[in-house]
file data_13.pdb (PDB, C-alpha atoms)
ATOM      1  CA  LYS J   1      -2.346 -24.986 -11.444
ATOM      2  CA  ALA J   2      -5.769 -24.553  -9.888
ATOM      3  CA  GLY J   3      -6.733 -21.088  -8.750
ATOM      4  CA  VAL J   4      -8.231 -19.908  -5.498
ATOM      5  CA  THR J   5     -11.443 -21.741  -4.729
ATOM      6  CA  GLN J   6     -14.233 -20.510  -2.495
ATOM      7  CA  THR J   7     -17.226 -22.373  -1.160
ATOM      8  CA  PRO J   8     -20.100 -22.011  -1.226
ATOM      9  CA  ARG J   9     -20.519 -19.713  -4.222
ATOM     10  CA  TYR J  10     -23.951 -18.488  -3.172
ATOM     11  CA  LEU J  11     -25.625 -18.334   0.191
ATOM     12  CA  ILE J  12     -28.914 -17.009   1.523
ATOM     13  CA  LYS J  13     -29.303 -16.423   5.247
ATOM     14  CA  THR J  14     -31.679 -14.544   7.505
ATOM     15  CA  ARG J  15     -30.868 -11.811  10.000
ATOM     16  CA  GLY J  16     -29.420 -13.082  13.232
ATOM     17  CA  GLN J  17     -27.974 -16.259  11.761
ATOM     18  CA  GLN J  18     -24.292 -16.957  11.408
ATOM     19  CA  VAL J  19     -22.352 -18.055   8.353
ATOM     20  CA  THR J  20     -19.007 -19.683   7.610
ATOM     21  CA  LEU J  21     -17.241 -19.218   4.281
ATOM     22  CA  SER J  22     -14.313 -21.284   3.091
ATOM     23  CA  CYS J  23     -11.275 -20.476   0.958
ATOM     24  CA  SER J  24      -8.634 -22.799  -0.478
ATOM     25  CA  PRO J  25      -5.572 -20.877  -1.713
ATOM     26  CA  ILE J  26      -3.492 -21.686  -4.755
ATOM     27  CA  SER J  27      -1.288 -24.698  -4.086
ATOM     28  CA  GLY J  28       1.901 -23.537  -2.372
ATOM     29  CA  HIS J  29       0.447 -20.196  -1.299
ATOM     30  CA  ARG J  30       0.550 -19.626   2.423
ATOM     31  CA  SER J  31      -1.072 -16.234   2.826
ATOM     32  CA  VAL J  32      -4.810 -15.615   2.636
ATOM     33  CA  SER J  33      -6.655 -12.303   2.773
ATOM     34  CA  TRP J  34     -10.382 -11.651   2.863
ATOM     35  CA  TYR J  35     -12.298  -8.725   1.358
ATOM     36  CA  GLN J  36     -15.912  -7.607   1.323
ATOM     37  CA  GLN J  37     -17.285  -6.086  -1.894
ATOM     38  CA  THR J  38     -20.497  -4.063  -1.967
ATOM     39  CA  PRO J  39     -21.840  -1.600  -4.559
ATOM     40  CA  GLY J  40     -21.728   1.248  -2.062
ATOM     41  CA  GLN J  41     -18.372   0.696  -0.359
ATOM     42  CA  GLY J  42     -16.480  -1.221  -3.021
ATOM     43  CA  LEU J  43     -13.776  -3.669  -1.951
ATOM     44  CA  GLN J  44     -12.809  -3.434   1.696
ATOM     45  CA  PHE J  45     -10.120  -5.390   3.499
ATOM     46  CA  LEU J  46     -11.308  -7.698   6.281
ATOM     47  CA  PHE J  47      -8.216  -9.574   7.493
ATOM     48  CA  GLU J  48      -5.058 -11.374   6.441
ATOM     49  CA  TYR J  49      -3.602 -14.679   7.628
ATOM     50  CA  PHE J  50      -0.193 -16.240   7.265
ATOM     51  CA  SER J  51       0.959 -19.457   8.942
ATOM     52  CA  GLU J  52      -2.280 -19.676  10.917
ATOM     53  CA  THR J  53      -1.731 -16.217  12.424
ATOM     54  CA  GLN J  54      -3.765 -13.102  11.753
ATOM     55  CA  ARG J  55      -1.309 -10.461  10.543
ATOM     56  CA  ASN J  56      -3.642  -7.625   9.747
ATOM     57  CA  LYS J  57      -7.239  -6.633  10.373
ATOM     58  CA  GLY J  58      -9.541  -4.113   8.719
ATOM     59  CA  ASN J  59     -12.162  -1.903  10.309
ATOM     60  CA  PHE J  60     -14.965  -4.371  10.704
ATOM     61  CA  PRO J  61     -16.900  -5.239  13.873
ATOM     62  CA  GLY J  62     -15.993  -8.244  15.964
ATOM     63  CA  ARG J  63     -18.851 -10.215  14.382
ATOM     64  CA  PHE J  64     -16.427 -10.841  11.540
ATOM     65  CA  SER J  65     -13.752 -13.374  12.369
ATOM     66  CA  GLY J  66     -11.490 -15.777  10.567
ATOM     67  CA  ARG J  67      -8.911 -18.445  10.922
ATOM     68  CA  GLN J  68      -6.352 -20.326   8.918
ATOM     69  CA  PHE J  69      -5.505 -23.983   9.101
ATOM     70  CA  SER J  70      -2.141 -25.721   8.854
ATOM     71  CA  ASN J  71      -2.808 -26.549   5.175
ATOM     72  CA  SER J  72      -3.302 -22.786   4.508
ATOM     73  CA  ARG J  73      -7.029 -23.146   3.913
ATOM     74  CA  SER J  74      -8.977 -20.370   5.572
ATOM     75  CA  GLU J  75     -12.459 -19.774   6.865
ATOM     76  CA  MET J  76     -14.254 -16.615   7.790
ATOM     77  CA  ASN J  77     -17.271 -16.431  10.038
ATOM     78  CA  VAL J  78     -19.908 -13.762  10.414
ATOM     79  CA  SER J  79     -22.133 -14.020  13.465
ATOM     80  CA  THR J  80     -25.476 -12.320  14.072
ATOM     81  CA  LEU J  81     -25.944 -11.426  10.436
ATOM     82  CA  GLU J  82     -27.337  -8.024   9.501
ATOM     83  CA  LEU J  83     -28.947  -6.937   6.237
ATOM     84  CA  GLY J  84     -25.891  -4.809   5.507
ATOM     85  CA  ASP J  85     -23.687  -7.897   5.475
ATOM     86  CA  SER J  86     -25.099  -8.812   2.077
ATOM     87  CA  ALA J  87     -22.060  -8.691  -0.176
ATOM     88  CA  LEU J  88     -19.585 -10.566  -2.288
ATOM     89  CA  TYR J  89     -16.882 -11.988  -0.022
ATOM     90  CA  LEU J  90     -13.581 -12.445  -1.794
ATOM     91  CA  CYS J  91     -10.557 -14.421  -0.750
ATOM     92  CA  ALA J  92      -7.086 -13.713  -2.133
ATOM     93  CA  SER J  93      -3.955 -15.804  -1.775
ATOM     94  CA  SER J  94      -0.259 -15.053  -2.165
ATOM     95  CA  LEU J  95       2.946 -17.064  -1.882
ATOM     96  CA  GLY J  96       4.390 -15.691   1.301
ATOM     97  CA  PRO J  97       3.588 -12.985   3.785
ATOM     98  CA  ALA J  98       1.733 -10.544   1.546
ATOM     99  CA  GLY J  99       3.787  -7.421   1.886
ATOM    100  CA  GLY J 100       6.975  -8.367   0.146
ATOM    101  CA  ILE J 101       8.075  -6.171  -2.716
ATOM    102  CA  TRP J 102       6.960  -8.533  -5.445
ATOM    103  CA  GLU J 103       4.185 -10.228  -3.572
ATOM    104  CA  THR J 104       0.901 -10.223  -5.450
ATOM    105  CA  GLN J 105      -2.512 -11.417  -4.459
ATOM    106  CA  TYR J 106      -4.727 -13.633  -6.608
ATOM    107  CA  PHE J 107      -8.451 -13.564  -6.016
ATOM    108  CA  GLY J 108     -11.015 -16.325  -5.980
ATOM    109  CA  PRO J 109     -14.487 -16.014  -7.555
ATOM    110  CA  GLY J 110     -16.090 -15.012  -4.266
ATOM    111  CA  THR J 111     -19.058 -16.122  -2.200
ATOM    112  CA  ARG J 112     -22.191 -14.072  -2.756
ATOM    113  CA  LEU J 113     -24.067 -13.736   0.540
ATOM    114  CA  LEU J 114     -27.620 -12.465   0.700
ATOM    115  CA  VAL J 115     -29.081 -11.687   4.113
ATOM    116  CA  LEU J 116     -32.883 -11.468   4.284
TER     117      LEU J 116
ATOM    118  CA  GLN T   1     -12.695  11.620   1.784
ATOM    119  CA  LYS T   2     -11.648   8.166   0.603
ATOM    120  CA  GLU T   3      -7.957   7.245   0.536
ATOM    121  CA  VAL T   4      -8.261   6.228  -3.112
ATOM    122  CA  GLU T   5     -10.563   7.974  -5.568
ATOM    123  CA  GLN T   6     -11.598   6.474  -8.884
ATOM    124  CA  ASP T   7     -14.275   7.671 -11.282
ATOM    125  CA  PRO T   8     -16.873   4.872 -11.415
ATOM    126  CA  GLY T   9     -17.909   5.719 -14.976
ATOM    127  CA  PRO T  10     -19.489   4.072 -16.843
ATOM    128  CA  LEU T  11     -17.069   4.673 -19.683
ATOM    129  CA  SER T  12     -18.084   3.648 -23.200
ATOM    130  CA  VAL T  13     -15.626   3.627 -26.107
ATOM    131  CA  PRO T  14     -15.591   2.216 -29.646
ATOM    132  CA  GLU T  15     -13.471  -0.808 -30.446
ATOM    133  CA  GLY T  16      -9.872   0.155 -31.216
ATOM    134  CA  ALA T  17      -9.886   3.270 -29.024
ATOM    135  CA  ILE T  18      -7.224   4.081 -26.465
ATOM    136  CA  VAL T  19      -8.676   3.933 -22.965
ATOM    137  CA  SER T  20      -7.321   5.938 -20.053
ATOM    138  CA  LEU T  21      -8.283   4.969 -16.510
ATOM    139  CA  ASN T  22      -7.104   6.926 -13.495
ATOM    140  CA  CYS T  23      -6.948   6.946  -9.718
ATOM    141  CA  THR T  24      -5.827   9.548  -7.239
ATOM    142  CA  TYR T  25      -4.810   8.863  -3.673
ATOM    143  CA  SER T  26      -4.082  10.789  -0.532
ATOM    144  CA  ASN T  27      -1.738   8.512   1.448
ATOM    145  CA  SER T  28       1.863   9.256   0.511
ATOM    146  CA  ALA T  29       2.931   5.975   2.171
ATOM    147  CA  PHE T  30       1.496   3.913  -0.682
ATOM    148  CA  GLN T  31       4.376   2.214  -2.466
ATOM    149  CA  TYR T  32       2.815  -0.631  -4.437
ATOM    150  CA  PHE T  33       0.209  -0.054  -7.109
ATOM    151  CA  MET T  34      -1.959  -2.553  -8.912
ATOM    152  CA  TRP T  35      -4.664  -2.699 -11.498
ATOM    153  CA  TYR T  36      -7.239  -5.468 -11.407
ATOM    154  CA  ARG T  37      -9.897  -6.336 -13.965
ATOM    155  CA  GLN T  38     -13.200  -7.771 -12.779
ATOM    156  CA  TYR T  39     -15.729  -9.320 -15.112
ATOM    157  CA  SER T  40     -19.334  -9.538 -14.005
ATOM    158  CA  ARG T  41     -19.866 -12.144 -11.288
ATOM    159  CA  LYS T  42     -16.149 -13.016 -11.149
ATOM    160  CA  GLY T  43     -13.287 -12.245  -8.789
ATOM    161  CA  PRO T  44     -10.737  -9.516  -9.621
ATOM    162  CA  GLU T  45      -7.902 -10.592 -11.921
ATOM    163  CA  LEU T  46      -4.475  -8.964 -11.556
ATOM    164  CA  LEU T  47      -3.459  -7.003 -14.670
ATOM    165  CA  MET T  48      -0.518  -4.854 -13.685
ATOM    166  CA  TYR T  49       1.715  -4.460 -10.637
ATOM    167  CA  THR T  50       4.183  -1.611 -10.160
ATOM    168  CA  TYR T  51       6.428  -0.503  -7.360
ATOM    169  CA  SER T  52       6.971   3.200  -6.676
ATOM    170  CA  SER T  53       6.966   5.635  -9.596
ATOM    171  CA  GLY T  54       7.415   4.970 -13.291
ATOM    172  CA  ASN T  55       5.861   3.166 -16.221
ATOM    173  CA  LYS T  56       5.285  -0.491 -16.915
ATOM    174  CA  GLU T  57       4.083  -1.998 -20.169
ATOM    175  CA  ASP T  58       2.563  -5.403 -20.819
ATOM    176  CA  GLY T  59       1.123  -5.974 -24.257
ATOM    177  CA  ARG T  60      -1.710  -3.523 -24.850
ATOM    178  CA  PHE T  61      -1.615  -2.330 -21.231
ATOM    179  CA  THR T  62       0.556   0.432 -19.772
ATOM    180  CA  ALA T  63       0.532   1.425 -16.118
ATOM    181  CA  GLN T  64       1.911   4.757 -14.953
ATOM    182  CA  VAL T  65       2.569   5.934 -11.422
ATOM    183  CA  ASP T  66       3.287   9.559 -10.525
ATOM    184  CA  LYS T  67       3.924   9.625  -6.793
ATOM    185  CA  SER T  68       4.611  13.359  -6.753
ATOM    186  CA  SER T  69       1.061  13.976  -7.958
ATOM    187  CA  LYS T  70      -0.412  10.931  -6.158
ATOM    188  CA  TYR T  71      -1.879   9.815  -9.451
ATOM    189  CA  ILE T  72      -1.864   6.478 -11.251
ATOM    190  CA  SER T  73      -3.118   5.565 -14.700
ATOM    191  CA  LEU T  74      -3.837   2.520 -16.811
ATOM    192  CA  PHE T  75      -3.855   2.839 -20.592
ATOM    193  CA  ILE T  76      -5.388   0.214 -22.845
ATOM    194  CA  ARG T  77      -4.401   0.399 -26.516
ATOM    195  CA  ASP T  78      -6.489  -1.041 -29.348
ATOM    196  CA  SER T  79      -9.354  -1.788 -26.959
ATOM    197  CA  GLN T  80     -11.446  -4.868 -27.656
ATOM    198  CA  PRO T  81     -15.007  -5.809 -26.676
ATOM    199  CA  SER T  82     -13.441  -8.466 -24.439
ATOM    200  CA  ASP T  83     -11.900  -5.614 -22.399
ATOM    201  CA  SER T  84     -15.400  -4.678 -21.226
ATOM    202  CA  ALA T  85     -15.212  -5.071 -17.447
ATOM    203  CA  THR T  86     -14.748  -3.114 -14.247
ATOM    204  CA  TYR T  87     -11.186  -1.911 -13.659
ATOM    205  CA  LEU T  88     -10.050  -1.487 -10.075
ATOM    206  CA  CYS T  89      -6.954   0.291  -8.903
ATOM    207  CA  ALA T  90      -5.433  -0.955  -5.664
ATOM    208  CA  MET T  91      -2.484   0.102  -3.579
ATOM    209  CA  ARG T  92      -0.693  -0.694  -0.347
ATOM    210  CA  THR T  93       1.978   0.606   1.952
ATOM    211  CA  ASN T  94       5.242  -0.995   2.965
ATOM    212  CA  ASN T  95       4.220  -1.824   6.494
ATOM    213  CA  GLN T  96       0.658  -3.076   6.457
ATOM    214  CA  GLY T  97       1.317  -6.496   4.986
ATOM    215  CA  GLY T  98      -1.053  -7.443   2.216
ATOM    216  CA  LYS T  99      -3.797  -4.947   3.039
ATOM    217  CA  LEU T 100      -4.916  -3.519  -0.276
ATOM    218  CA  ILE T 101      -6.872  -0.280  -0.524
ATOM    219  CA  PHE T 102      -9.090  -0.273  -3.604
ATOM    220  CA  GLY T 103     -10.638   2.426  -5.704
ATOM    221  CA  GLN T 104     -14.339   2.197  -6.412
ATOM    222  CA  GLY T 105     -13.717   0.711  -9.859
ATOM    223  CA  THR T 106     -14.444   2.086 -13.346
ATOM    224  CA  GLU T 107     -16.964   0.244 -15.492
ATOM    225  CA  LEU T 108     -15.694   0.086 -19.077
ATOM    226  CA  SER T 109     -17.718  -0.900 -22.129
ATOM    227  CA  VAL T 110     -15.999  -1.349 -25.508
ATOM    228  CA  LYS T 111     -18.516  -1.305 -28.335
ATOM    229  CA  PRO T 112     -17.846  -3.305 -31.548
TER     230      PRO T 112
END

call {"tool": "encode", "arguments": {"input": "data_13.pdb", "output": "structure tokens"}}
result
Amino acid sequence: KAGVTQTPRYLIKTRGQQVTLSCSPISGHRSVSWYQQTPGQGLQFLFEYFSETQRNKGNFPGRFSGRQFSNSRSEMNVSTLELGDSALYLCASSLGPAGGIWETQYFGPGTRLLVL
Amino acid sequence: QKEVEQDPGPLSVPEGAIVSLNCTYSNSAFQYFMWYRQYSRKGPELLMYTYSSGNKEDGRFTAQVDKSSKYISLFIRDSQPSDSATYLCAMRTNNQGGKLIFGQGTELSVKP
């Protein structure tokens, strides 16, 4: 079974631009979560989607947004990019609403974003 | 103070050594505890998943959770050079869905 896929894998943008990242979960998985990973802050939770609805949101500014489609694929968008947005953005998928006792999340390889 | 504290290392051990990795946490509501392994330029890979307190063993890996001390551990027996990676602890509560709180990660190097 194919794992979580993320596109693009690498991206270079300049300050002020916006960016859209895509995540395709494991086949049959309906929940998608997004995380930001930086050397200074580590892995931080951005948001979680299940059945096209945002279930949970981390402490990030409104410039960070996301959505989920009916086929469970998800996108996240960052508007008005800042230098500090340079990071590895990771997507994780799970079978059902992540939160069940035995629910585990499987991560994709990430999209590495560099903001100049 | 961070909710989850993990020594970033780096930790260097000889091949065959027993490795002990640890995390402490402050939120007593955490109920689910995980260990992920992340190789350079890859996404985290789930190693171990435990619920509440106790031990869990899977091959060369043993995870321990002590909720009374708010302390979790991962032991790696007979460590191999292929175990060289960053190890991340992660945990979540019962009522925040899939939101995982991660430790900073410990960089492990196993020397042949």

call {"tool": "resolve_selection", "arguments": {"input": "data_13.pdb", "expression": "the PyMOL selection byres ((chain J) within 10 of (chain T))", "output": "JSON, numbers by chain"}}
result
{"J": [4, 31, 32, 33, 34, 35, 37, 38, 39, 40, 41, 42, 43, 44, 45, 46, 47, 48, 49, 55, 56, 57, 58, 88, 89, 90, 91, 92, 93, 94, 96, 97, 98, 99, 100, 101, 102, 103, 104, 105, 106, 107, 108, 109, 110, 111, 112]}

call {"tool": "resolve_selection", "arguments": {"input": "data_13.pdb", "expression": "the PyMOL selection byres ((chain T and resi 10) around 7)", "output": "ChimeraX atom specification"}}
result
/T:8-9,11-12,106-108

call {"tool": "residues_around", "arguments": {"input": "data_13.pdb", "residues": "Asn77 (chain J)", "least_positions_apart": "4", "cutoff": "7 Å", "atoms": "all atoms listed in the file", "output": "ChimeraX atom specification"}}
result
/J:19-21,64-66

call {"tool": "closest_residue", "arguments": {"input": "data_13.pdb", "among": "T:Ser69, T:Gln64, T:Ser84, T:Asn55", "to": "Asn27 (chain T)", "atoms": "all atoms listed in the file"}}
result
T:Ser69

call {"tool": "resolve_selection", "arguments": {"input": "data_13.pdb", "expression": "the PyMOL selection byres ((chain J and resi 23) around 7)", "output": "list in words"}}
result
Thr5, Gln6, Thr7, Leu21, Ser22, Ser24, Pro25, Arg73, Ser74, Glu75 and Cys91 of chain J

call {"tool": "atom_distance", "arguments": {"input": "data_13.pdb", "atom1": "CA of Ser79 (chain T)", "atom2": "CA of Ser20 (chain T)"}}
result
10.6 Å

call {"tool": "closest_residue", "arguments": {"input": "data_13.pdb", "among": "T:Val110, T:Val65, T:Val19, T:Ala29", "to": "Gln80 (chain T)", "atoms": "all atoms listed in the file"}}
result
T:Val110

call {"tool": "closest_residue", "arguments": {"input": "data_13.pdb", "among": "T:Ile18, T:Ile72, T:Cys23, T:Val4", "to": "Arg60 (chain T)", "atoms": "all atoms listed in the file"}}
result
T:Ile18

call {"tool": "atom_distance", "arguments": {"input": "data_13.pdb", "atom1": "CA of Ser53 (chain T)", "atom2": "CA of Trp35 (chain T)"}}
result
14.4 Å

call {"tool": "atom_distance", "arguments": {"input": "data_13.pdb", "atom1": "CA of Gln54 (chain J)", "atom2": "CA of Leu11 (chain J)"}}
result
25.3 Å

call {"tool": "closest_residue", "arguments": {"input": "data_13.pdb", "among": "T:Leu47, T:Thr24, T:Ser109, T:Ala17", "to": "Lys67 (chain T)", "atoms": "only C-alpha atoms"}}
result
T:Thr24

call {"tool": "residues_near_point", "arguments": {"input": "data_13.pdb", "point": "(-25.5, -16.6, 11.5)", "cutoff": "8 Å", "atoms": "all atoms listed in the file", "output": "list of chain:residue names"}}
result
J:Lys13, J:Thr14, J:Arg15, J:Gly16, J:Gln17, J:Gln18, J:Val19, J:Val78, J:Ser79, J:Thr80, J:Leu81

call {"tool": "axis_aligned_box", "arguments": {"input": "data_13.pdb", "around": "region 64-74 of chain J", "padding_each_side": "3 Å", "output": "lines of an AutoDock Vina configuration file"}}
result
center_x = -9.3
center_y = -18.7
center_z = 8.1
size_x = 20.3
size_y = 21.7
size_z = 14.5

call {"tool": "closest_residue", "arguments": {"input": "data_13.pdb", "among": "T:Gln6, T:Glu15, T:Phe30, T:Asp58", "to": "Pro112 (chain T)", "atoms": "only C-alpha atoms"}}
result
T:Glu15

call {"tool": "closest_residue", "arguments": {"input": "data_13.pdb", "among": "T:Ser40, T:Lys111, T:Gly59, T:Leu21", "to": "Phe75 (chain T)", "atoms": "only C-alpha atoms"}}
result
T:Leu21

call {"tool": "decode", "arguments": {"input": "data_13.pdb", "residues": "region 79-107 of chain T", "atoms": "N, CA and C atoms", "output": "PDB file, in the first residue's frame"}}
result
ATOM      1  N   SER T  79      22.111  -2.189  19.519  1.00  0.00           N
ATOM      2  CA  SER T  79      21.969  -1.095  18.551  1.00  0.00           C
ATOM      3  C   SER T  79      22.842  -1.346  17.315  1.00  0.00           C
ATOM      4  N   GLN T  80      22.318  -0.908  16.184  1.00  0.00           N
ATOM      5  CA  GLN T  80      22.963  -1.095  14.895  1.00  0.00           C
ATOM      6  C   GLN T  80      23.223   0.260  14.240  1.00  0.00           C
ATOM      7  N   PRO T  81      24.221   0.337  13.357  1.00  0.00           N
ATOM      8  CA  PRO T  81      24.442   1.609  12.654  1.00  0.00           C
ATOM      9  C   PRO T  81      23.182   2.106  11.941  1.00  0.00           C
ATOM     10  N   SER T  82      22.334   1.190  11.509  1.00  0.00           N
ATOM     11  CA  SER T  82      21.098   1.597  10.828  1.00  0.00           C
ATOM     12  C   SER T  82      20.094   2.251  11.777  1.00  0.00           C
ATOM     13  N   ASP T  83      20.348   2.182  13.085  1.00  0.00           N
ATOM     14  CA  ASP T  83      19.504   2.873  14.069  1.00  0.00           C
ATOM     15  C   ASP T  83      19.862   4.356  14.181  1.00  0.00           C
ATOM     16  N   SER T  84      20.938   4.766  13.528  1.00  0.00           N
ATOM     17  CA  SER T  84      21.356   6.164  13.582  1.00  0.00           C
ATOM     18  C   SER T  84      20.274   7.037  12.943  1.00  0.00           C
ATOM     19  N   ALA T  85      19.697   7.912  13.752  1.00  0.00           N
ATOM     20  CA  ALA T  85      18.562   8.732  13.319  1.00  0.00           C
ATOM     21  C   ALA T  85      18.214   9.674  14.472  1.00  0.00           C
ATOM     22  N   THR T  86      17.204  10.486  14.251  1.00  0.00           N
ATOM     23  CA  THR T  86      16.654  11.307  15.325  1.00  0.00           C
ATOM     24  C   THR T  86      15.404  10.613  15.854  1.00  0.00           C
ATOM     25  N   TYR T  87      15.325  10.488  17.170  1.00  0.00           N
ATOM     26  CA  TYR T  87      14.193   9.825  17.820  1.00  0.00           C
ATOM     27  C   TYR T  87      13.333  10.879  18.509  1.00  0.00           C
ATOM     28  N   LEU T  88      12.067  10.867  18.166  1.00  0.00           N
ATOM     29  CA  LEU T  88      11.125  11.867  18.677  1.00  0.00           C
ATOM     30  C   LEU T  88      10.086  11.189  19.547  1.00  0.00           C
ATOM     31  N   CYS T  89       9.893  11.709  20.749  1.00  0.00           N
ATOM     32  CA  CYS T  89       8.752  11.256  21.525  1.00  0.00           C
ATOM     33  C   CYS T  89       7.570  12.165  21.186  1.00  0.00           C
ATOM     34  N   ALA T  90       6.378  11.604  21.275  1.00  0.00           N
ATOM     35  CA  ALA T  90       5.171  12.374  20.989  1.00  0.00           C
ATOM     36  C   ALA T  90       4.066  11.879  21.905  1.00  0.00           C
ATOM     37  N   MET T  91       3.161  12.738  22.243  1.00  0.00           N
ATOM     38  CA  MET T  91       2.071  12.342  23.123  1.00  0.00           C
ATOM     39  C   MET T  91       0.840  13.182  22.851  1.00  0.00           C
ATOM     40  N   ARG T  92      -0.310  12.660  23.282  1.00  0.00           N
ATOM     41  CA  ARG T  92      -1.557  13.402  23.107  1.00  0.00           C
ATOM     42  C   ARG T  92      -2.536  13.078  24.223  1.00  0.00           C
ATOM     43  N   THR T  93      -3.509  13.951  24.347  1.00  0.00           N
ATOM     44  CA  THR T  93      -4.542  13.764  25.358  1.00  0.00           C
ATOM     45  C   THR T  93      -5.692  12.956  24.774  1.00  0.00           C
ATOM     46  N   ASN T  94      -6.726  12.813  25.567  1.00  0.00           N
ATOM     47  CA  ASN T  94      -7.904  12.060  25.156  1.00  0.00           C
ATOM     48  C   ASN T  94      -8.911  12.924  24.421  1.00  0.00           C
ATOM     49  N   ASN T  95      -8.763  14.230  24.512  1.00  0.00           N
ATOM     50  CA  ASN T  95      -9.835  15.088  24.020  1.00  0.00           C
ATOM     51  C   ASN T  95      -9.383  16.184  23.064  1.00  0.00           C
ATOM     52  N   GLN T  96      -8.221  15.989  22.471  1.00  0.00           N
ATOM     53  CA  GLN T  96      -7.760  16.963  21.483  1.00  0.00           C
ATOM     54  C   GLN T  96      -7.528  16.302  20.140  1.00  0.00           C
ATOM     55  N   GLY T  97      -8.303  15.269  19.856  1.00  0.00           N
ATOM     56  CA  GLY T  97      -8.207  14.586  18.577  1.00  0.00           C
ATOM     57  C   GLY T  97      -6.805  14.065  18.339  1.00  0.00           C
ATOM     58  N   GLY T  98      -6.303  14.324  17.131  1.00  0.00           N
ATOM     59  CA  GLY T  98      -5.005  13.781  16.765  1.00  0.00           C
ATOM     60  C   GLY T  98      -3.845  14.711  17.027  1.00  0.00           C
ATOM     61  N   LYS T  99      -4.049  15.775  17.773  1.00  0.00           N
ATOM     62  CA  LYS T  99      -2.975  16.743  18.006  1.00  0.00           C
ATOM     63  C   LYS T  99      -1.862  16.105  18.824  1.00  0.00           C
ATOM     64  N   LEU T 100      -0.718  15.935  18.195  1.00  0.00           N
ATOM     65  CA  LEU T 100       0.437  15.365  18.865  1.00  0.00           C
ATOM     66  C   LEU T 100       1.360  16.476  19.337  1.00  0.00           C
ATOM     67  N   ILE T 101       1.857  16.333  20.568  1.00  0.00           N
ATOM     68  CA  ILE T 101       2.871  17.236  21.090  1.00  0.00           C
ATOM     69  C   ILE T 101       4.189  16.470  21.076  1.00  0.00           C
ATOM     70  N   PHE T 102       5.177  17.030  20.395  1.00  0.00           N
ATOM     71  CA  PHE T 102       6.457  16.353  20.214  1.00  0.00           C
ATOM     72  C   PHE T 102       7.536  16.902  21.128  1.00  0.00           C
ATOM     73  N   GLY T 103       8.461  16.023  21.492  1.00  0.00           N
ATOM     74  CA  GLY T 103       9.709  16.465  22.085  1.00  0.00           C
ATOM     75  C   GLY T 103      10.610  16.999  20.990  1.00  0.00           C
ATOM     76  N   GLN T 104      11.717  17.571  21.397  1.00  0.00           N
ATOM     77  CA  GLN T 104      12.629  18.195  20.434  1.00  0.00           C
ATOM     78  C   GLN T 104      13.346  17.180  19.560  1.00  0.00           C
ATOM     79  N   GLY T 105      13.402  15.921  20.015  1.00  0.00           N
ATOM     80  CA  GLY T 105      14.104  14.882  19.281  1.00  0.00           C
ATOM     81  C   GLY T 105      15.521  14.699  19.791  1.00  0.00           C
ATOM     82  N   THR T 106      15.972  13.447  19.859  1.00  0.00           N
ATOM     83  CA  THR T 106      17.351  13.119  20.242  1.00  0.00           C
ATOM     84  C   THR T 106      18.060  12.521  19.039  1.00  0.00           C
ATOM     85  N   GLU T 107      19.181  13.128  18.679  1.00  0.00           N
ATOM     86  CA  GLU T 107      19.973  12.636  17.551  1.00  0.00           C
ATOM     87  C   GLU T 107      20.891  11.519  18.036  1.00  0.00           C
TER      88      GLU T 107
END
